[in-house]
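Enquirer: My questions will all concern the structure given below.
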Amino acid sequence: GMTNQATSPTDVVLSGVTVIAAGNSSDMAIVNGNVYVWGDNDHGVLGLGRKITYEANATEVPGLSGITWIGEADNTDVAGNATETWGWGWDANGQLCQGNEKDDWTPIVLSNLSGVTQAAGAGVHMMYLLGNGTLEGCGGGASGDLGNGLNANSTTPVVVTGLVAPVKQITASENDSAALLTNGEVETWGGNKFGQLGNGNKANSDVPVPVNLETSATDLSIGGGNGQVDAQALVL
């Protein structure tokens, strides 16, 4: 409920949280199938339909129920269940996959997506994992962020090409994305200025490339604006 900066962990006044996601300057959580948000409201990212600057208290997003997963990019939020996907907030490059670049201040059904089980994004692109292990992306693609073999934006879903196995887990950073596959391999694509794709060079890639791992990975995360990929591996 405060706007002071904190130098140590503070409690969010919210209980029963099962899933949490952090964005650029706002956060969201699932409680009993409902979505709660707090933080900055730039581009309507809180989905409350109110043109407020911020919300310092965890507040329920109206009109959503039965939510099982959530995801965030910069000022863009998405949430869904086995049958429907909703999105709201910033849509400057079409990361909500609706064929336009229109911000939405309240949740809308993302009718171009079906069967989404996970979503991850950053900057102006968002990746959507489907229940069959297929991976789709929308939004900014100038650095190959969408992994479809092109360096171009897309306001409708495009399929990530060339993955060697179905996808188990996804994550994304400012200009790149990563996928943990069901065979334990990790593949990455997008910007590679700092070698964050983990494939031994600094060239961007608009299609997935394998990360040089010595053993199978069990978990995956990306941190930092430069997109450093961290694959947690199980040492056999």
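Ordering of the structure tokens sets the chain letters (A, B, ...), residue numbers begin anew at 1 in every chain, and ligands are numbered from 1 in the order given.
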Give me the residues of stretch 182-225 of chain A that have any atom at most 10 Å from an atom of stretch 132-147 of chain A; for each, the nearest atom pair and the distance in Å, rounded to one decimal. Use only C-alpha atoms, sort by chain and number, and format it as a Markdown table.
Expert:
| residue | atom | partner | partner_atom | distance |
| --- | --- | --- | --- | --- |
| A:Thr182 | CA | A:Gly133 | CA | 8.7 |
| A:Thr188 | CA | A:Gly147 | CA | 8.4 |
| A:Trp189 | CA | A:Gly147 | CA | 5.8 |
| A:Gly190 | CA | A:Asp145 | CA | 4.2 |
| A:Gly191 | CA | A:Ser143 | CA | 5.1 |
| A:Asn192 | CA | A:Ser143 | CA | 8.6 |
| A:Asn204 | CA | A:Ser143 | CA | 6.5 |
| A:Ser205 | CA | A:Gly144 | CA | 5.9 |
| A:Asp206 | CA | A:Gly144 | CA | 3.7 |
| A:Val207 | CA | A:Gly147 | CA | 4.4 |
| A:Pro208 | CA | A:Gly147 | CA | 6.0 |
| A:Val209 | CA | A:Gly147 | CA | 9.6 |
Enquirer: Hey, what's within 6 Å of stretch 103-120 of chain A if we count only C-alpha atoms and toss same-chain stuff fewer than 2 positions away? As a list of chain:residue names, please?
Expert: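 Listed by chain and then number, they are A:Gly44, A:Gly47, A:Leu48, A:Gly49, A:Gly71, A:Ala82, A:Thr85, A:Trp86, A:Gly87, A:Trp88, A:Gly89, A:Trp90, A:Asp91, A:Met126, A:Met127, A:Tyr128, A:Leu129, A:Leu130, A:Gly131, A:Thr171, A:Ala172.
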Enquirer: Just checking: using only C-alpha atoms, which residue out of A:Ser26, A:Asn175, A:Thr161, A:Asn183 ends up closest to A:Asn148?
Expert: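 For A:Asn148, the nearest of the candidates is A:Thr161.
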Enquirer: Might you pull out every residue within 6 Å of stretch 54-61 of chain A, with only C-alpha atoms counted and same-chain residues fewer than 6 positions away left off, and present them as a list in words?
Expert: Gly1, Met2, Val35, Tyr36, Val37, Trp38, Gly39, Asp40, Asn41 and Leu48 of chain A
Enquirer: Dump N, CA, C and O atoms for the selected residues as an mmCIF file, in the first residue's frame?
Expert:
data_model
loop_
_atom_site.group_PDB
_atom_site.id
_atom_site.type_symbol
_atom_site.label_atom_id
_atom_site.label_comp_id
_atom_site.auth_asym_id
_atom_site.auth_seq_id
_atom_site.Cartn_x
_atom_site.Cartn_y
_atom_site.Cartn_z
ATOM 1 N N GLY A 1 0.792 -1.208 0.000
ATOM 2 C CA GLY A 1 0.000 0.000 0.000
ATOM 3 C C GLY A 1 0.828 1.262 0.000
ATOM 4 O O GLY A 1 0.287 2.358 0.026
ATOM 5 N N MET A 2 2.176 1.160 -0.030
ATOM 6 C CA MET A 2 3.046 2.328 0.000
ATOM 7 C C MET A 2 3.763 2.481 -1.333
ATOM 8 O O MET A 2 3.826 1.553 -2.126
ATOM 9 N N VAL A 35 -7.150 -12.883 -10.915
ATOM 10 C CA VAL A 35 -5.881 -12.190 -11.142
ATOM 11 C C VAL A 35 -5.848 -10.902 -10.336
ATOM 12 O O VAL A 35 -6.794 -10.093 -10.397
ATOM 13 N N TYR A 36 -4.761 -10.703 -9.608
ATOM 14 C CA TYR A 36 -4.540 -9.472 -8.846
ATOM 15 C C TYR A 36 -3.301 -8.765 -9.405
ATOM 16 O O TYR A 36 -2.325 -9.412 -9.785
ATOM 17 N N VAL A 37 -3.348 -7.445 -9.429
ATOM 18 C CA VAL A 37 -2.262 -6.648 -9.992
ATOM 19 C C VAL A 37 -1.932 -5.486 -9.064
ATOM 20 O O VAL A 37 -2.753 -5.062 -8.252
ATOM 21 N N TRP A 38 -0.704 -4.975 -9.222
ATOM 22 C CA TRP A 38 -0.302 -3.773 -8.495
ATOM 23 C C TRP A 38 0.934 -3.186 -9.167
ATOM 24 O O TRP A 38 1.633 -3.848 -9.913
ATOM 25 N N GLY A 39 1.167 -1.894 -8.923
ATOM 26 C CA GLY A 39 2.326 -1.226 -9.498
ATOM 27 C C GLY A 39 1.948 -0.148 -10.492
ATOM 28 O O GLY A 39 0.853 0.420 -10.458
ATOM 29 N N ASP A 40 2.867 0.126 -11.412
ATOM 30 C CA ASP A 40 2.689 1.165 -12.424
ATOM 31 C C ASP A 40 1.561 0.776 -13.392
ATOM 32 O O ASP A 40 1.362 -0.406 -13.682
ATOM 33 N N ASN A 41 0.839 1.778 -13.903
ATOM 34 C CA ASN A 41 -0.284 1.517 -14.808
ATOM 35 C C ASN A 41 -0.040 2.090 -16.203
ATOM 36 O O ASN A 41 -0.985 2.409 -16.925
ATOM 37 N N LEU A 48 -7.339 -2.458 -15.162
ATOM 38 C CA LEU A 48 -8.438 -2.039 -14.295
ATOM 39 C C LEU A 48 -9.414 -1.092 -14.978
ATOM 40 O O LEU A 48 -10.458 -0.747 -14.416
#
Enquirer: Any idea what the distance is between atom CA of A:Lys102 and atom CA of A:Ala29?
Expert: 24.4 Å
Enquirer: Rounded to one decimal, what separation in Å do you get between atom CA of A:Val45 and atom CA of A:Asp74?
Expert: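 That distance, rounded to one decimal, is 8.7 Å.
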Enquirer: Report, in Å to a single decimal, how far apart atom CA of A:Val160 and atom CA of A:Thr76 are.
Expert: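 So the two atoms, atom CA of A:Thr76 and atom CA of A:Val160, lie 20.6 Å apart.
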Enquirer: Taking the backbone alone, and naming residues the way the document does, which bits of stretch 36-171 of chain A are strand (DSSP E or B) by DSSP, as JSON, numbers by chain?
Expert: {"A": [36, 37, 38, 39, 40, 54, 55, 56, 57, 58, 59, 60, 69, 70, 71, 72, 73, 76, 77, 78, 79, 80, 85, 86, 87, 88, 89, 104, 105, 106, 107, 108, 109, 116, 117, 118, 119, 120, 121, 122, 125, 126, 127, 128, 129, 130, 135, 136, 137, 138, 139, 154, 155, 156, 157, 158, 159, 167, 168, 169, 170, 171]}
Enquirer: Could you write out that same residue set with C-alpha atoms as a compact mmCIF listing (two decimals), in the first residue's frame?
Expert:
# COMPACT_ATOMS: atom_id res chain seq x y z
CA TYR A 36 -4.54 -9.47 -8.85
CA VAL A 37 -2.26 -6.65 -9.99
CA TRP A 38 -0.30 -3.77 -8.49
CA GLY A 39 2.33 -1.23 -9.50
CA ASP A 40 2.69 1.16 -12.42
CA TYR A 54 -0.29 3.42 -10.27
CA GLU A 55 -2.01 1.13 -7.78
CA ALA A 56 -0.14 0.50 -4.55
CA ASN A 57 -2.47 -2.26 -3.34
CA ALA A 58 -3.06 -5.68 -4.86
CA THR A 59 -6.32 -5.21 -6.78
CA GLU A 60 -8.44 -7.79 -8.59
CA TRP A 69 -1.44 -19.13 -15.91
CA ILE A 70 -0.21 -15.54 -16.32
CA GLY A 71 2.61 -13.77 -18.17
CA GLU A 72 4.06 -10.30 -18.58
CA ALA A 73 6.14 -8.30 -21.02
CA THR A 76 1.71 -5.96 -21.33
CA ASP A 77 -0.16 -8.61 -19.33
CA VAL A 78 -1.73 -11.88 -20.44
CA ALA A 79 -3.66 -14.55 -18.56
CA GLY A 80 -5.61 -17.64 -19.41
CA THR A 85 -6.50 -16.33 -23.34
CA TRP A 86 -6.96 -12.71 -22.29
CA GLY A 87 -4.58 -9.78 -22.70
CA TRP A 88 -4.35 -6.09 -21.90
CA GLY A 89 -1.96 -3.16 -21.73
CA ASP A 104 -6.28 -2.17 -24.19
CA TRP A 105 -7.06 -0.85 -20.72
CA THR A 106 -9.24 -3.83 -19.78
CA PRO A 107 -8.81 -7.55 -20.59
CA ILE A 108 -9.88 -8.69 -24.05
CA VAL A 109 -10.11 -12.24 -25.36
CA VAL A 116 -2.15 -21.57 -24.52
CA THR A 117 -0.62 -23.02 -21.33
CA GLN A 118 2.28 -20.59 -20.71
CA ALA A 119 3.32 -17.13 -21.86
CA ALA A 120 6.52 -15.15 -21.44
CA GLY A 121 7.61 -11.83 -22.85
CA ALA A 122 9.80 -8.77 -22.52
CA HIS A 125 7.37 -9.31 -27.94
CA MET A 126 5.45 -12.13 -26.30
CA MET A 127 5.83 -15.89 -26.66
CA TYR A 128 2.89 -18.29 -26.18
CA LEU A 129 3.32 -22.01 -25.47
CA LEU A 130 0.46 -24.24 -26.62
CA LEU A 135 5.48 -22.26 -29.58
CA GLU A 136 4.05 -19.10 -31.15
CA GLY A 137 5.07 -15.46 -30.88
CA CYS A 138 3.77 -11.98 -31.61
CA GLY A 139 5.14 -8.44 -31.49
CA SER A 154 4.08 -9.62 -36.43
CA THR A 155 0.69 -8.61 -35.05
CA THR A 156 -0.66 -12.14 -35.51
CA PRO A 157 0.78 -15.42 -34.19
CA VAL A 158 3.80 -16.93 -35.96
CA VAL A 159 5.22 -20.36 -35.19
CA VAL A 167 8.65 -27.16 -25.64
CA LYS A 168 8.32 -27.65 -21.88
CA GLN A 169 9.10 -24.16 -20.54
CA ILE A 170 9.66 -20.70 -22.01
CA THR A 171 11.16 -17.40 -20.96
Enquirer: Which of these, A:Val17, A:Ala22, A:Leu46, A:Ala92, has the shortest distance to A:Asn34 once you count only C-alpha atoms?
Expert: A:Val17
Enquirer: Pick the closest to A:Ala178 from A:Ser221, A:Thr215, A:Asn199, A:Asn153: which is it, counting only C-alpha atoms?
Expert: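 Going through A:Ser221, A:Thr215, A:Asn199, A:Asn153 one by one, the smallest distance to A:Ala178 is for A:Ser221.
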Enquirer: I'd like to know which of A:Thr18, A:Ala165, A:Ile222, A:Gln95 is closest to A:Pro210, using only C-alpha atoms.
Expert: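 For A:Pro210, the nearest of the candidates is A:Ala165.
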